[in-house]
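Participant: What follows is final_2.cif, made up of mmCIF, C-alpha atoms:
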```
data_structure
#
loop_
_atom_site.label_atom_id
_atom_site.label_comp_id
_atom_site.auth_asym_id
_atom_site.auth_seq_id
_atom_site.Cartn_x
_atom_site.Cartn_y
_atom_site.Cartn_z
CA GLU A 1499 32.61 30.65 -36.58
CA PRO A 1500 32.82 34.35 -37.43
CA GLU A 1501 35.67 35.48 -39.62
CA VAL A 1502 35.90 38.81 -37.82
CA THR A 1503 35.09 39.49 -34.16
CA GLN A 1504 34.40 42.98 -32.87
CA THR A 1505 34.42 44.18 -29.29
CA PRO A 1506 32.59 45.56 -27.51
CA SER A 1507 29.22 44.88 -29.07
CA HIS A 1508 27.85 48.07 -27.50
CA GLN A 1509 29.80 51.05 -26.17
CA VAL A 1510 28.21 53.98 -24.35
CA THR A 1511 30.46 57.02 -23.92
CA GLN A 1512 30.13 60.60 -22.78
CA MET A 1513 30.62 63.25 -25.44
CA GLY A 1514 34.21 64.42 -25.57
CA GLN A 1515 35.63 61.14 -24.32
CA GLU A 1516 37.98 58.91 -26.27
CA VAL A 1517 36.74 55.54 -27.45
CA ILE A 1518 38.60 52.56 -28.90
CA LEU A 1519 36.78 49.95 -30.96
CA ARG A 1520 38.46 46.62 -31.53
CA CYS A 1521 38.45 44.08 -34.31
CA VAL A 1522 40.09 40.66 -34.26
CA PRO A 1523 40.48 38.90 -37.56
CA ILE A 1524 40.92 35.22 -36.87
CA SER A 1525 43.31 34.46 -39.70
CA ASN A 1526 46.23 36.50 -40.97
CA HIS A 1527 45.23 39.05 -43.58
CA LEU A 1528 46.74 42.24 -44.88
CA TYR A 1529 43.64 44.23 -45.85
CA PHE A 1530 41.24 45.70 -43.28
CA TYR A 1531 38.48 48.23 -43.40
CA TRP A 1532 36.35 50.30 -41.05
CA TYR A 1533 32.84 51.41 -41.94
CA ARG A 1534 30.08 53.13 -40.05
CA GLN A 1535 26.31 53.02 -40.37
CA ILE A 1536 24.25 55.74 -38.75
CA LEU A 1537 20.84 54.44 -37.73
CA GLY A 1538 18.55 54.27 -40.75
CA GLN A 1539 21.24 55.32 -43.19
CA LYS A 1540 23.56 53.52 -45.56
CA VAL A 1541 26.93 52.05 -44.72
CA GLU A 1542 29.77 54.54 -45.20
CA PHE A 1543 33.41 53.79 -45.87
CA LEU A 1544 35.84 55.23 -43.34
CA VAL A 1545 39.30 53.83 -43.99
CA SER A 1546 41.22 50.97 -45.54
CA PHE A 1547 44.39 49.61 -44.03
CA TYR A 1548 46.97 47.58 -45.89
CA ASN A 1549 50.14 46.08 -44.54
CA ASN A 1550 49.99 48.21 -41.39
CA GLU A 1551 49.40 51.49 -43.18
CA ILE A 1552 46.36 53.51 -44.20
CA SER A 1553 45.81 53.05 -47.92
CA GLU A 1554 42.62 55.06 -48.40
CA LYS A 1555 40.37 57.18 -46.23
CA SER A 1556 37.13 59.01 -46.75
CA GLU A 1557 36.34 62.63 -45.91
CA ILE A 1558 34.59 61.34 -42.78
CA PHE A 1559 37.90 60.03 -41.45
CA ASP A 1560 39.23 63.31 -40.10
CA ASP A 1561 41.85 64.03 -37.45
CA GLN A 1562 39.54 62.73 -34.74
CA PHE A 1563 39.98 59.20 -36.09
CA SER A 1564 42.98 56.92 -36.12
CA VAL A 1565 43.58 53.24 -36.80
CA GLU A 1566 46.23 50.88 -35.56
CA ARG A 1567 47.21 47.27 -35.60
CA PRO A 1568 49.17 47.42 -32.36
CA ASP A 1569 50.08 43.78 -31.88
CA GLY A 1570 49.78 42.32 -35.34
CA SER A 1571 46.41 40.78 -34.57
CA ASN A 1572 43.97 43.31 -33.13
CA PHE A 1573 42.86 46.12 -35.41
CA THR A 1574 41.59 49.24 -33.61
CA LEU A 1575 39.66 52.36 -34.48
CA LYS A 1576 40.13 55.27 -32.08
CA ILE A 1577 37.93 58.32 -31.88
CA ARG A 1578 39.73 60.94 -29.82
CA SER A 1579 36.99 63.33 -28.73
CA THR A 1580 33.61 61.88 -29.49
CA LYS A 1581 30.70 63.95 -30.73
CA LEU A 1582 27.00 63.18 -30.65
CA GLU A 1583 27.04 62.57 -34.41
CA ASP A 1584 29.59 59.77 -33.95
CA SER A 1585 26.75 57.59 -32.66
CA ALA A 1586 26.50 54.74 -35.16
CA MET A 1587 27.28 51.09 -35.83
CA TYR A 1588 30.92 50.64 -36.67
CA PHE A 1589 31.85 47.65 -38.78
CA CYS A 1590 35.27 46.15 -39.29
CA ALA A 1591 35.91 44.04 -42.38
CA ARG A 1592 38.83 42.05 -43.64
CA GLY A 1593 39.70 41.92 -47.29
CA THR A 1594 40.60 39.40 -49.92
CA PRO A 1595 44.20 39.08 -51.12
CA GLY A 1596 43.12 41.39 -53.95
CA GLY A 1597 42.17 44.05 -51.45
CA GLN A 1598 38.38 43.89 -51.58
CA PRO A 1599 36.22 44.00 -48.43
CA GLN A 1600 34.79 40.57 -47.89
CA HIS A 1601 34.00 39.49 -44.35
CA PHE A 1602 32.36 41.90 -41.98
CA GLY A 1603 32.14 41.67 -38.23
CA ASP A 1604 28.80 42.12 -36.50
CA GLY A 1605 29.69 45.65 -35.52
CA THR A 1606 30.01 47.79 -32.41
CA ARG A 1607 27.09 50.01 -31.58
CA LEU A 1608 28.52 53.30 -30.31
CA SER A 1609 26.20 55.55 -28.37
CA ILE A 1610 27.41 59.04 -27.44
CA LEU A 1611 25.56 60.75 -24.61
CA LYS B 306 30.58 61.78 -57.35
CA ASN B 307 30.14 58.01 -57.19
CA GLN B 308 26.59 56.95 -56.39
CA VAL B 309 24.63 53.74 -55.99
CA GLU B 310 20.84 53.84 -56.10
CA GLN B 311 18.68 50.88 -55.13
CA SER B 312 15.02 50.17 -55.69
CA PRO B 313 12.59 49.50 -54.30
CA GLN B 314 13.35 50.92 -50.87
CA SER B 315 11.27 48.17 -49.31
CA LEU B 316 9.43 45.11 -50.51
CA ILE B 317 6.97 42.70 -48.93
CA ILE B 318 6.36 39.30 -50.50
CA LEU B 319 4.82 36.00 -49.55
CA GLU B 320 6.94 32.99 -48.74
CA GLY B 321 7.70 30.95 -51.84
CA LYS B 322 7.43 33.86 -54.24
CA ASN B 323 10.25 35.26 -56.34
CA CYS B 324 11.46 38.85 -56.31
CA THR B 325 13.96 41.09 -58.06
CA LEU B 326 15.90 43.97 -56.54
CA GLN B 327 17.48 46.69 -58.64
CA CYS B 328 20.74 48.63 -58.43
CA ASN B 329 21.87 51.53 -60.63
CA TYR B 330 25.29 53.02 -60.22
CA THR B 331 27.54 55.78 -61.40
CA VAL B 332 30.96 54.62 -60.24
CA SER B 333 34.12 55.16 -62.18
CA PRO B 334 36.45 53.51 -62.83
CA PHE B 335 34.35 50.42 -62.18
CA SER B 336 36.05 47.51 -60.51
CA ASN B 337 33.40 45.17 -59.15
CA LEU B 338 29.87 44.98 -57.81
CA ARG B 339 28.80 43.02 -54.75
CA TRP B 340 25.45 42.18 -53.29
CA TYR B 341 25.30 41.80 -49.52
CA LYS B 342 22.61 40.55 -47.19
CA GLN B 343 22.38 42.32 -43.85
CA ASP B 344 20.25 40.83 -41.12
CA THR B 345 19.04 43.20 -38.42
CA GLY B 346 21.82 43.92 -35.95
CA ARG B 347 24.43 41.98 -37.93
CA GLY B 348 27.21 42.81 -40.33
CA PRO B 349 26.71 42.50 -44.09
CA VAL B 350 27.35 39.09 -45.62
CA SER B 351 28.58 38.85 -49.19
CA LEU B 352 26.24 37.02 -51.59
CA THR B 353 27.83 37.59 -54.98
CA ILE B 354 30.65 39.54 -56.56
CA MET B 355 30.79 40.45 -60.23
CA THR B 356 33.49 42.03 -62.33
CA PHE B 357 33.11 44.00 -65.54
CA SER B 358 33.11 40.97 -67.81
CA GLU B 359 30.52 38.94 -65.90
CA ASN B 360 26.83 39.11 -66.77
CA THR B 361 25.34 36.61 -64.35
CA LYS B 362 26.37 34.94 -61.14
CA SER B 363 24.40 32.60 -58.93
CA ASN B 364 24.68 31.61 -55.30
CA GLY B 365 21.98 29.11 -54.44
CA ARG B 366 18.62 30.85 -54.72
CA TYR B 367 20.31 34.20 -55.38
CA THR B 368 21.12 35.24 -58.95
CA ALA B 369 22.80 38.54 -59.73
CA THR B 370 23.01 40.14 -63.15
CA LEU B 371 25.21 42.96 -64.35
CA ASP B 372 24.87 45.20 -67.38
CA ALA B 373 28.05 47.25 -67.42
CA ASP B 374 26.87 49.29 -70.41
CA THR B 375 23.76 50.61 -68.69
CA LYS B 376 25.38 50.42 -65.24
CA GLN B 377 22.60 48.35 -63.79
CA SER B 378 22.50 45.23 -61.67
CA SER B 379 19.73 43.10 -60.29
CA LEU B 380 19.45 40.49 -57.59
CA HIS B 381 16.82 37.82 -58.13
CA ILE B 382 15.68 35.70 -55.21
CA THR B 383 13.91 32.49 -56.09
CA ALA B 384 11.40 30.67 -53.90
CA SER B 385 11.75 33.09 -51.01
CA GLN B 386 12.01 31.86 -47.43
CA LEU B 387 11.22 33.59 -44.15
CA SER B 388 14.95 33.77 -43.47
CA ASP B 389 15.40 35.92 -46.56
CA SER B 390 13.90 38.83 -44.62
CA ALA B 391 16.79 41.29 -44.44
CA SER B 392 18.29 44.35 -46.06
CA TYR B 393 20.01 43.72 -49.40
CA ILE B 394 22.81 46.10 -50.18
CA CYS B 395 24.46 46.77 -53.52
CA VAL B 396 28.09 47.88 -53.26
CA VAL B 397 30.13 49.08 -56.21
CA SER B 398 33.87 49.52 -55.94
CA ASP B 399 36.13 51.68 -58.01
CA ARG B 400 39.81 51.12 -58.15
CA THR B 401 41.90 54.21 -57.71
CA GLY B 402 45.57 53.45 -57.80
CA GLY B 403 45.99 50.19 -55.94
CA SER B 404 43.02 50.55 -53.60
CA TYR B 405 39.36 49.61 -53.84
CA ILE B 406 36.92 52.29 -52.72
CA PRO B 407 33.43 50.91 -52.13
CA THR B 408 30.26 52.93 -52.53
CA PHE B 409 27.23 51.51 -50.74
CA GLY B 410 23.60 51.73 -51.72
CA ARG B 411 20.95 52.40 -49.10
CA GLY B 412 19.68 48.87 -49.43
CA THR B 413 16.32 47.28 -50.10
CA SER B 414 14.47 46.06 -47.05
CA LEU B 415 12.83 42.74 -47.88
CA ILE B 416 10.14 41.24 -45.69
CA VAL B 417 8.93 37.72 -46.41
CA HIS B 418 5.57 36.84 -44.89
CA PRO B 419 4.35 33.29 -44.28
#
```
Let me see the file written as structure tokens.
Facilitator:
Amino acid sequence: EPEVTQTPSHQVTQMGQEVILRCVPISNHLYFYWYRQILGQKVEFLVSFYNNEISEKSEIFDDQFSVERPDGSNFTLKIRSTKLEDSAMYFCARGTPGGQPQHFGDGTRLSIL
Amino acid sequence: KNQVEQSPQSLIILEGKNCTLQCNYTVSPFSNLRWYKQDTGRGPVSLTIMTFSENTKSNGRYTATLDADTKQSSLHITASQLSDSASYICVVSDRTGGSYIPTFGRGTSLIVHP
């Protein structure tokens, strides 16, 4: 049984549209992360989220991005106005009690047309 | 700037053979180093995690080493199996304040042939 479930598995969106990617950690944890992986490139850190607040974010995570844990269970990544270069795999991960990324979901493939 | 370099970029071996993957890093302040296995189309799965004081850690047929002085790590796979075919990613985290910031390597693509 996966530790982290991501939906949808594949999202196709027109450029300029908003997209919301979802992550459901099965058990209660405080630390969560979002990463992206552009095809053929390495995984890149986007943001870490601790106790319902952003704790760290990379330079990639600009004003177009936001994260929320709206209902205490789901963990979402929103991209407000998508660009072609946002096409990538987006991975959610939950962290250990010490705050280290441990269990990754299988990702959402985002395709911007 | 923190960097993680992995070699080789890709590797092809025969089933049953051993192999060693390399990771060099320049991450400061160092917190921990993880090796992940990423199957095609799946998320990374953690194999080992090592802190500054650990030199070797094993997980079944996987053995990771860490030399914190030279900032090098290796992942040794023993008696390879077809299911070992995957990308192996080295991730080094620094700890700035209370948060861990991971830096990912590009990974080594391993193909195991029967």
Participant: For the structure shown, which residues end up in the PyMOL selection byres ((chain B) within 9 of (chain A))? Put them as JSON, numbers by chain, please?
Facilitator: {"B": [346, 347, 348, 349, 350, 351, 394, 398, 403, 404, 405, 406, 407, 408, 409, 410, 411, 412]}
Participant: Any chance you could resolve the PyMOL selection byres ((chain B and resi 310) around 10) against this file and give the residues as a list in words?
Facilitator: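 Selected by the PyMOL selection byres ((chain B and resi 310) around 10) in this file: Gln308, Val309, Gln311, Ser312, Pro313, Gln314, Gln327, Cys328, Asn329, Tyr330, Thr331, Gln377, Ile394, Cys395, Val396, Phe409, Gly410, Arg411, Gly412 and Thr413 of chain B.
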Participant: Using all atoms listed in the file, which protein or nucleic acid residues come within 7 Å of Leu371 of chain B? Drop anything in the same chain fewer than 5 positions from it, and give the result as a compact mmCIF listing (two decimals) with C-alpha atoms, in the coordinates of the input.
Facilitator:
```txt
# COMPACT_ATOMS: atom_id res chain seq x y z
CA GLU B 359 30.52 38.94 -65.90
CA ASN B 360 26.83 39.11 -66.77
CA THR B 361 25.34 36.61 -64.35
CA GLN B 377 22.60 48.35 -63.79
CA SER B 378 22.50 45.23 -61.67
CA SER B 379 19.73 43.10 -60.29
```
Participant: In Å, how far is it from atom CA of Thr375 of chain B to atom CA of Asp389 of chain B?
Facilitator: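 Between atom CA of Thr375 of chain B and atom CA of Asp389 of chain B the gap works out to 27.8 Å.
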Participant: Step by step, work through what the PyMOL selection byres ((chain B and resi 320) around 8) selects in the shown file, and finish by giving those residues as a PyMOL selection string.
Facilitator: chain B and resi 318-319+321-322+384-387+417-419
Participant: Would you pick out the contacts of segment 336-339 of chain B at 6 Å or less, using all atoms listed in the file, so that residues sharing its chain but fewer than 6 positions from it are not included, and give the list as a ChimeraX atom specification?
Facilitator: /B:353-356,395-400
Participant: Write out as JSON, numbers by chain the residues lying within 7 Å of Ser1585 of chain A, counting all atoms listed in the file and excluding same-chain residues fewer than 4 positions away.
Facilitator: {"A": [1536, 1608, 1609, 1610]}
Participant: Please determine, counting only C-alpha atoms, which residue among A:Gly1514, A:Pro1506, A:Pro1523, A:Gly1593 has the shortest atom-to-atom distance to Asn1572 of chain A.
Facilitator: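 Under the stated criterion, the closest residue is A:Pro1523.
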Participant: Please, what distance in Å, to one decimal, runs between atom CA of Arg1520 of chain A and atom CA of Asp1569 of chain A?
Facilitator: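 Going from atom CA of Arg1520 of chain A over to atom CA of Asp1569 of chain A, I get 12.0 Å.
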Participant: Do you have the atom CA of Pro1568 of chain A-atom CA of Val1510 of chain A distance handy?
Facilitator: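 We find that atom CA of Pro1568 of chain A and atom CA of Val1510 of chain A lie 23.4 Å from each other.
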Participant: With distances taken over all atoms listed in the file, which residue among B:Ile416, B:Leu326, B:Ile317, B:Ala369 lies nearest Ser390 of chain B?
Facilitator: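 For Ser390 of chain B, the nearest of the candidates is B:Ile416.
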Participant: As a list in words, please: the residues near Glu1566 of chain A (cut-off 7 Å, all atoms listed in the file, same-chain neighbours under 5 positions excluded).
Facilitator: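 Here the qualifying residues turn out to be Phe1573, Thr1574 and Leu1575 of chain A.
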